[in-house]
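> Have a look at this one before I ask anything.
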4 protein chains.
Amino acid sequence: VPLTVAVAGASGYAAAELFRLLSVHPDVTEVRAYSRRPEAVPLPGHVQVRPYGDLFAEGADVVFLSLPADAARAAAKELVASGRVVIDLSGGHRLPEARYRAVYGDAESEGAGQAVYGLTEWFRDELKGQRLVANPGCYATAMALLLLPLAAEGLIPDFAVADGISGHSGAGRAEKGRHLLAEASEDVSPYRLTGHPHAAEVEEVVGARAGKAFRLHFTPHLAPLSRGLVTTIHLPLDLAPERLAALYQERYHGSPFVQVLPPGQDPRTRHVLGTNVVELAVAVDRERGFAVLTAALDNLGKGAAGQAIQNMNVLLGLPEERGLLLPTFAV
Amino acid sequence: VPLTVAVAGASGYAAAELFRLLSVHPDVTEVRAYSRRPEAVPLPGHVQVRPYGDLFAEGADVVFLSLPADAARAAAKELVASGRVVIDLSGGHRLPEARYRAVYGDAESEGAGQAVYGLTEWFRDELKGQRLVANPGCYATAMALLLLPLAAEGLIPDFAVADGISGHSGAGRAEKGRHLLAEASEDVSPYRLTGHPHAAEVEEVVGARAGKAFRLHFTPHLAPLSRGLVTTIHLPLDLAPERLAALYQERYHGSPFVQVLPPGQDPRTRHVLGTNVVELAVAVDRERGFAVLTAALDNLGKGAAGQAIQNMNVLLGLPEERGLLLPTFAV
Amino acid sequence: VPLTVAVAGASGYAAAELFRLLSVHPDVTEVRAYSRRPEAVPLPGHVQVRPYGDLFAEGADVVFLSLPADAARAAAKELVASGRVVIDLSGGHRLPEARYRAVYGDAESEGAGQAVYGLTEWFRDELKGQRLVANPGCYATAMALLLLPLAAEGLIPDFAVADGISGHSGAGRAEKGRHLLAEASEDVSPYRLTGHPHAAEVEEVVGARAGKAFRLHFTPHLAPLSRGLVTTIHLPLDLAPERLAALYQERYHGSPFVQVLPPGQDPRTRHVLGTNVVELAVAVDRERGFAVLTAALDNLGKGAAGQAIQNMNVLLGLPEERGLLLPTFAV
Amino acid sequence: VPLTVAVAGASGYAAAELFRLLSVHPDVTEVRAYSRRPEAVPLPGHVQVRPYGDLFAEGADVVFLSLPADAARAAAKELVASGRVVIDLSGGHRLPEARYRAVYGDAESEGAGQAVYGLTEWFRDELKGQRLVANPGCYATAMALLLLPLAAEGLIPDFAVADGISGHSGAGRAEKGRHLLAEASEDVSPYRLTGHPHAAEVEEVVGARAGKAFRLHFTPHLAPLSRGLVTTIHLPLDLAPERLAALYQERYHGSPFVQVLPPGQDPRTRHVLGTNVVELAVAVDRERGFAVLTAALDNLGKGAAGQAIQNMNVLLGLPEERGLLLPTFAV
């Protein structure tokens, strides 16, 4: 199937990664970029930028939205109505409406909860034939992949605690001082002690699977790297380490992008840089009755553009890994 | 008081930082370095390296031990017996004997618990006139400074969860591949999911102050920077944010090296680079009933050499901040 | 043509990059690794490490040598004699014997000058059907690609001056302190003011093409990145900037991995990270009568493993870019 | 002498470094900041920001100008007329008027050449009692310190070639994409192949000392670090290495901030981070008849704020090193 694909909102890092990955996807024959400020878009030579308004008139088999949440919901409504397949990389469709308003403090929330949640490994069946996908947040992807196996087995406690560490590309092409290398070098810092919206995303998806309320205490941190994130989750759980490891091995058997590491190996962002892979590891501190779950992924890969293409593949009935089996660059 | 100071085990990063800081201490007139491999010691020009064995024969008012734990306990025993003041930067004296054996799996533990714990802000009175100080671990310093105010007020719960992120100098002049820049650039990774000995150190000091058992679930991570660490602690606590902040403000009022940040500011390793300062911030997620405590310090400064000199100052009756009020280099 | 490929000396960064790239080469069906210390080789899961001695008994269509220069010459002699195609990534075959001895101070130099010099863009015809290729040095690749167009046109002066800046992977999995991130962060430094062997390599190949003696004054520097190098060359030349640019555009037209940038764009290592691409730019300071030539490449890509595979492709009659058209990872 | 000091233009990195260094200067009792946008200035707590206009009405013994070149010349004129001592960190006073117009393409150049050039080690006598100092550019400081000993001895050739490598703080608190850590990590790049104004600065000062025309071919590069620069100069010179080294040793004997390294040691930015020190090294390639001169300094220290304070000290008759003997932070 030769596919024509459009990216709306072409100036950000996730869009740049979409162009990079789509340029080697064997079924994608044309990639179009749409932007409100075409002149501001730093794109690879093979992509032409068109005015944003033309997005709705011109045809495209799949449209990736890399827009602010409100604009993404408005665009999705129009595009889906005209028969397009839409994958929204913003936070605009990830939460039910009431939760969306509570988390974002946003009065306008129409349609927020009307997409299928595109955590591919857990929603493959729901994705097939869908029209609108809410691509998960980068941290949410890592945390949900770590917690859902426990939720599915009835092993999830009432709460968990998580910290996250990510590079600066997560902040976008921002102009804030702390993201300049001159101020970011040799710096590590938490940046939002409570209330990160990805925690709400995980509470919703894990709570739904577990059939009970679930609280997640999450604090993200910035570290001096460009791409990649690690999240480490702690929760009360007293289980034999071998049983816990087996549970993840079994659950992700057959998922080409989830690598459950053997005991003693730690997830590293370097291993997954530029790929759609997630590395996971789990451990139990039996003395204290707590488990540790940890994962590394590329926030622009599995955390954004990679998973968006993975979702496109599943939704269109293509092999899930099509166009995504790039070797990591890491030495 | 003109002081002659000795550093035993001169080849590591903490020793290098001791020499840097002692070179501008107004009361220190001579600094001597002792090493088993004098030729391997990369020191600033003003320091002469002597054979390790001479340490015990030659006089020095204060001896800093930057040695492996076992060697440090043996040296401390001999030096204290001959009337020297000893500040041990290793883990050799930080835990009671039984706990020491359990944590380090070490058969030999004689004298492990016989020093005063040199977390200066909490043990000033105990330090005065002491002969032997156990300088706390870098992560333990940050975590204990965050938890002790709650312990002292009877507000500490039975457990807390913490993550840590540090630079590569914490690993020493190691030769392992992952610490080479060629492999550490663009990499973040957890490195010991459970059982880090600094957690035991914090459990001991916090439990003792609280008068009850206390469990700490702690996982450290490596990030691509040279110096500095952040630790973020989560614990069940439902308190008005203002009350919590006030508690820290009051407790550390008059402590020149602890800066409790106003709401909305986050601790950053860059702010404390090359200094003896700790930046702290606290927040409460009242909806979920959890508090977040977070701190940044320089693992070679307040986390090692800086605090060692701070302890020397207190122990000898000098002003606590003598020689330590260096401006941070950060832009 | 299904190819069986061997890599001798599997523990270094260039070998790791060979495995990464060969894993996606469509004609390579098997990759074997040979090492004197198989247990020390940190390889991706799909590669099995065999004892070094078996290299000579077992069959392989192409053998890449990632060995010390002396061992590489000895191995090449034996392998070529038994009919294998050998691509030597060491410096062992890059210089004529007398020059080799002068530069490396090595008494033993037998066979040093008996390979074709594998700067693919300039030696395509010589490579076809060859048995032994000397893969150029990383800096030499960049500098020769910049200087040969002038040499071929009779425009090269008697000397040029060059500086180079590279990341730490060029030093190998070394154990020296300055390559640890803890000491390399926030550090830039020259490291060999005169006499770098890559200068001799360039003098030879440029002098031969120009038909006259040519001197290159070259100093390399280390910067805090993992992969990539830039070299900037200055030489007396008074030519219209447009003519100079056109000369490079024409010369590298049809070379898929050499990108001559338009005026105002600068080569960046980030653009070529993980690829076999070289970015070039040229400028003229007409007021002072000097030209500036500058290039960026990945020292493990076009500077080592990438060019080695490019050479294999040409030598075996495959399309030059086979298996090497990976998108860069850079955002 | 208790000094009141003013900094005009307080929002940049050089200003921040001035505040850092002035805060530990024993003779400076008050530091005032003046800015057109006081609310935008991220300053340490001890400094109060005042409206720019008040600078001219209020008294201050010394005024540091950290302004655009045109504004700096206008402010200097008014301040000197009212009896203040002015140290201009911009490029506004570094070149003679005609050269200034040629280099900056600026029509307005009144007063450009009317200051003493504040390369302290070479203009101590001229500085004493002066009213207006042109603080040299960061690269110009390093290059002039390397070239002037040759110029003074009549050994300077007609031209030299130089490359420079610096961190991102040199670009200021810019908002350009390439200075964001997300795009600057793993990146090295030249950024202005010809025509950098610091080359003109060096040509002027070296040519004047040598009494002949001197051309400098200079290209700067960006590397992923915050602070620090290295410059490496190549020039035709056939001199015994020992004689060349001795020449620098003698010339800078008694200059507390210039460290001529012994043979085999290379200047490193890490060694001078946060200090006013310059590390120099020289070598000769006798076979090819070229010398290499190389230096490392902190672009915000000796390259800006440090040298500005050094100039203030000399100008006011204070010991040259007053307030500037900070230990480097580097491990």
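Identifiers in the structure tokens: chain A, B, ... in order shown; residue index from 1 per chain; ligand index from 1 in order shown.
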Check every residue of chain D for an atom within 12 Å of chain A, counting only C-alpha atoms, and provide those that qualify as a ChimeraX atom specification.

/D:11-13,40-42,166-187,222-228,299-300,330

> Applying 10 Å and only C-alpha atoms, which residues near His271 in chain C remain after dropping the ones on its own chain fewer than 3 positions away? List them as a list of chain:residue names.

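These residues fall inside the cut-off: C:Gly228, C:Pro267, C:Arg268, C:Gly274, C:Thr275, C:Val277, C:Val278, C:Glu279, C:Ala296, C:Leu297, C:Asp298, C:Pro327, C:Thr328, C:Phe329, C:Ala330, C:Val331, D:Glu186, D:Asp187, D:Val188.
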
> Got a sec: who's within 7 Å of range 108-122 of chain A, counting only C-alpha atoms, leaving out chain neighbours fewer than 6 positions off, as a PyMOL selection string?

chain A and resi 73+92-97+100-101+132-136+141+255+311

> Suppose we keep C-alpha atoms; can you now write the selection as a PDB file, in the first residue's frame?


ATOM      1  CA  ARG A  73      -8.649  18.481  18.934  1.00  0.00           C
ATOM      2  CA  GLY A  92      -5.386  16.721  23.581  1.00  0.00           C
ATOM      3  CA  HIS A  93      -7.038  13.311  23.464  1.00  0.00           C
ATOM      4  CA  ARG A  94      -5.326  11.320  26.198  1.00  0.00           C
ATOM      5  CA  LEU A  95      -7.696  11.897  29.127  1.00  0.00           C
ATOM      6  CA  PRO A  96     -11.459  11.652  29.664  1.00  0.00           C
ATOM      7  CA  GLU A  97     -13.069  15.077  29.442  1.00  0.00           C
ATOM      8  CA  TYR A 100      -8.690  16.642  31.133  1.00  0.00           C
ATOM      9  CA  ARG A 101     -10.282  19.788  32.525  1.00  0.00           C
ATOM     10  CA  LEU A 132      -8.381   8.640  15.864  1.00  0.00           C
ATOM     11  CA  VAL A 133      -5.438   7.699  18.054  1.00  0.00           C
ATOM     12  CA  ALA A 134      -4.195   9.534  21.156  1.00  0.00           C
ATOM     13  CA  ASN A 135      -0.472   8.924  21.093  1.00  0.00           C
ATOM     14  CA  PRO A 136       0.659   8.574  24.745  1.00  0.00           C
ATOM     15  CA  THR A 141       4.507   5.318  27.772  1.00  0.00           C
ATOM     16  CA  SER A 255       6.326  -7.406  21.306  1.00  0.00           C
ATOM     17  CA  ASN A 311       0.280   2.848  15.800  1.00  0.00           C
TER      18      ASN A 311
END

> I want to know what sits within 8 Å of range 194-197 of chain D, based on only C-alpha atoms, with residues of the same chain fewer than 5 positions away left out; could you give that as a PDB file with C-alpha atoms, in the first residue's frame?


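Here's the written file selection_7.pdb:
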ATOM      1  CA  ALA C 283      35.210  29.808   1.717  1.00  0.00           C
ATOM      2  CA  VAL C 284      37.793  32.328   0.577  1.00  0.00           C
ATOM      3  CA  ASP C 285      39.153  35.348   2.411  1.00  0.00           C
ATOM      4  CA  VAL C 292      39.235  27.802   4.332  1.00  0.00           C
TER       5      VAL C 292
ATOM      6  CA  VAL D 103      35.190  45.245  10.339  1.00  0.00           C
ATOM      7  CA  TYR D 104      31.766  45.934  11.785  1.00  0.00           C
ATOM      8  CA  HIS D 217      43.539  33.635   9.312  1.00  0.00           C
ATOM      9  CA  PHE D 218      41.143  32.599  12.035  1.00  0.00           C
ATOM     10  CA  THR D 219      38.124  30.306  12.198  1.00  0.00           C
ATOM     11  CA  PRO D 220      36.157  29.742  15.429  1.00  0.00           C
TER      12      PRO D 220
END

> Using only C-alpha atoms, determine which residues lie at most 12 Å from Ser23 in chain B, disregarding the query and same-chain residues fewer than 4 positions distant; provide the list as a PyMOL selection string.

(chain B and resi 3-5+16-19+27-32+43-47+309+323-324) or (chain D and resi 325-328)

> Would you return as a ChimeraX atom specification the members of range 122-313 of chain B that DSSP assigns to strand (DSSP E or B) on this structure's backbone?

/B:132-134,159-166,180,189-190,215-222,229-236,258-260,278-285,290-297

> Determine, counting only C-alpha atoms, which protein, DNA and RNA residues have an atom within 7 Å of an atom of range 76-80 of chain D; residues of the same chain fewer than 5 positions away are not included. Present the result as a list in words.

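After dropping sequence-adjacent residues, the list is Phe56, Val85, Val86 and Arg131 of chain D.
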
> Record the distance separating CA of Ser35 in chain A and CA of Ser66 in chain A, expressed in Å with one decimal.

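Between these atoms lies a distance of 9.8 Å.
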
> As an MDAnalysis selection string, please: every residue in range 74-149 of chain C that DSSP puts in helix (DSSP H, G or I).

chainID C and resid 74:81 97:104 120:127 138:149

> Nearest to Gln130 in chain B: which of B:Pro68, B:Gly83, B:Gly105, B:Pro157 is it, counting only C-alpha atoms?

B:Gly83

> CA of His221 in chain D and CA of Val202 in chain D are how many Å apart?

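A separation of 17.7 Å between them.
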
> Find, counting only C-alpha atoms, the residue in C:Val206, C:Leu193, C:Ile87, C:Val62 that gets nearest to Ala305 in chain C.

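Going through C:Val206, C:Leu193, C:Ile87, C:Val62 one by one, the smallest distance to Ala305 in chain C is for C:Ile87.
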
> So that I can see what lies close to Val49 in chain A, please list as a PDB file with N, CA, C and O atoms, in the first residue's frame the residues with an atom at most 6 Å from it, counting only C-alpha atoms and leaving out residues fewer than 6 positions away in the same chain.


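Okay, selection.pdb is ready:
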ATOM      1  N   ALA A  33       4.441  18.285   4.824  1.00  0.00           N
ATOM      2  CA  ALA A  33       4.494  19.037   6.077  1.00  0.00           C
ATOM      3  C   ALA A  33       3.583  20.244   5.975  1.00  0.00           C
ATOM      4  O   ALA A  33       3.587  20.939   4.957  1.00  0.00           O
ATOM      5  N   TYR A  34       2.821  20.496   7.004  1.00  0.00           N
ATOM      6  CA  TYR A  34       1.949  21.668   7.045  1.00  0.00           C
ATOM      7  C   TYR A  34       2.288  22.495   8.281  1.00  0.00           C
ATOM      8  O   TYR A  34       2.432  21.948   9.378  1.00  0.00           O
ATOM      9  N   PRO A  38       5.507  28.310   7.686  1.00  0.00           N
ATOM     10  CA  PRO A  38       6.357  27.424   6.870  1.00  0.00           C
ATOM     11  C   PRO A  38       7.822  27.859   6.840  1.00  0.00           C
ATOM     12  O   PRO A  38       8.719  27.025   6.764  1.00  0.00           O
TER      13      PRO A  38
END
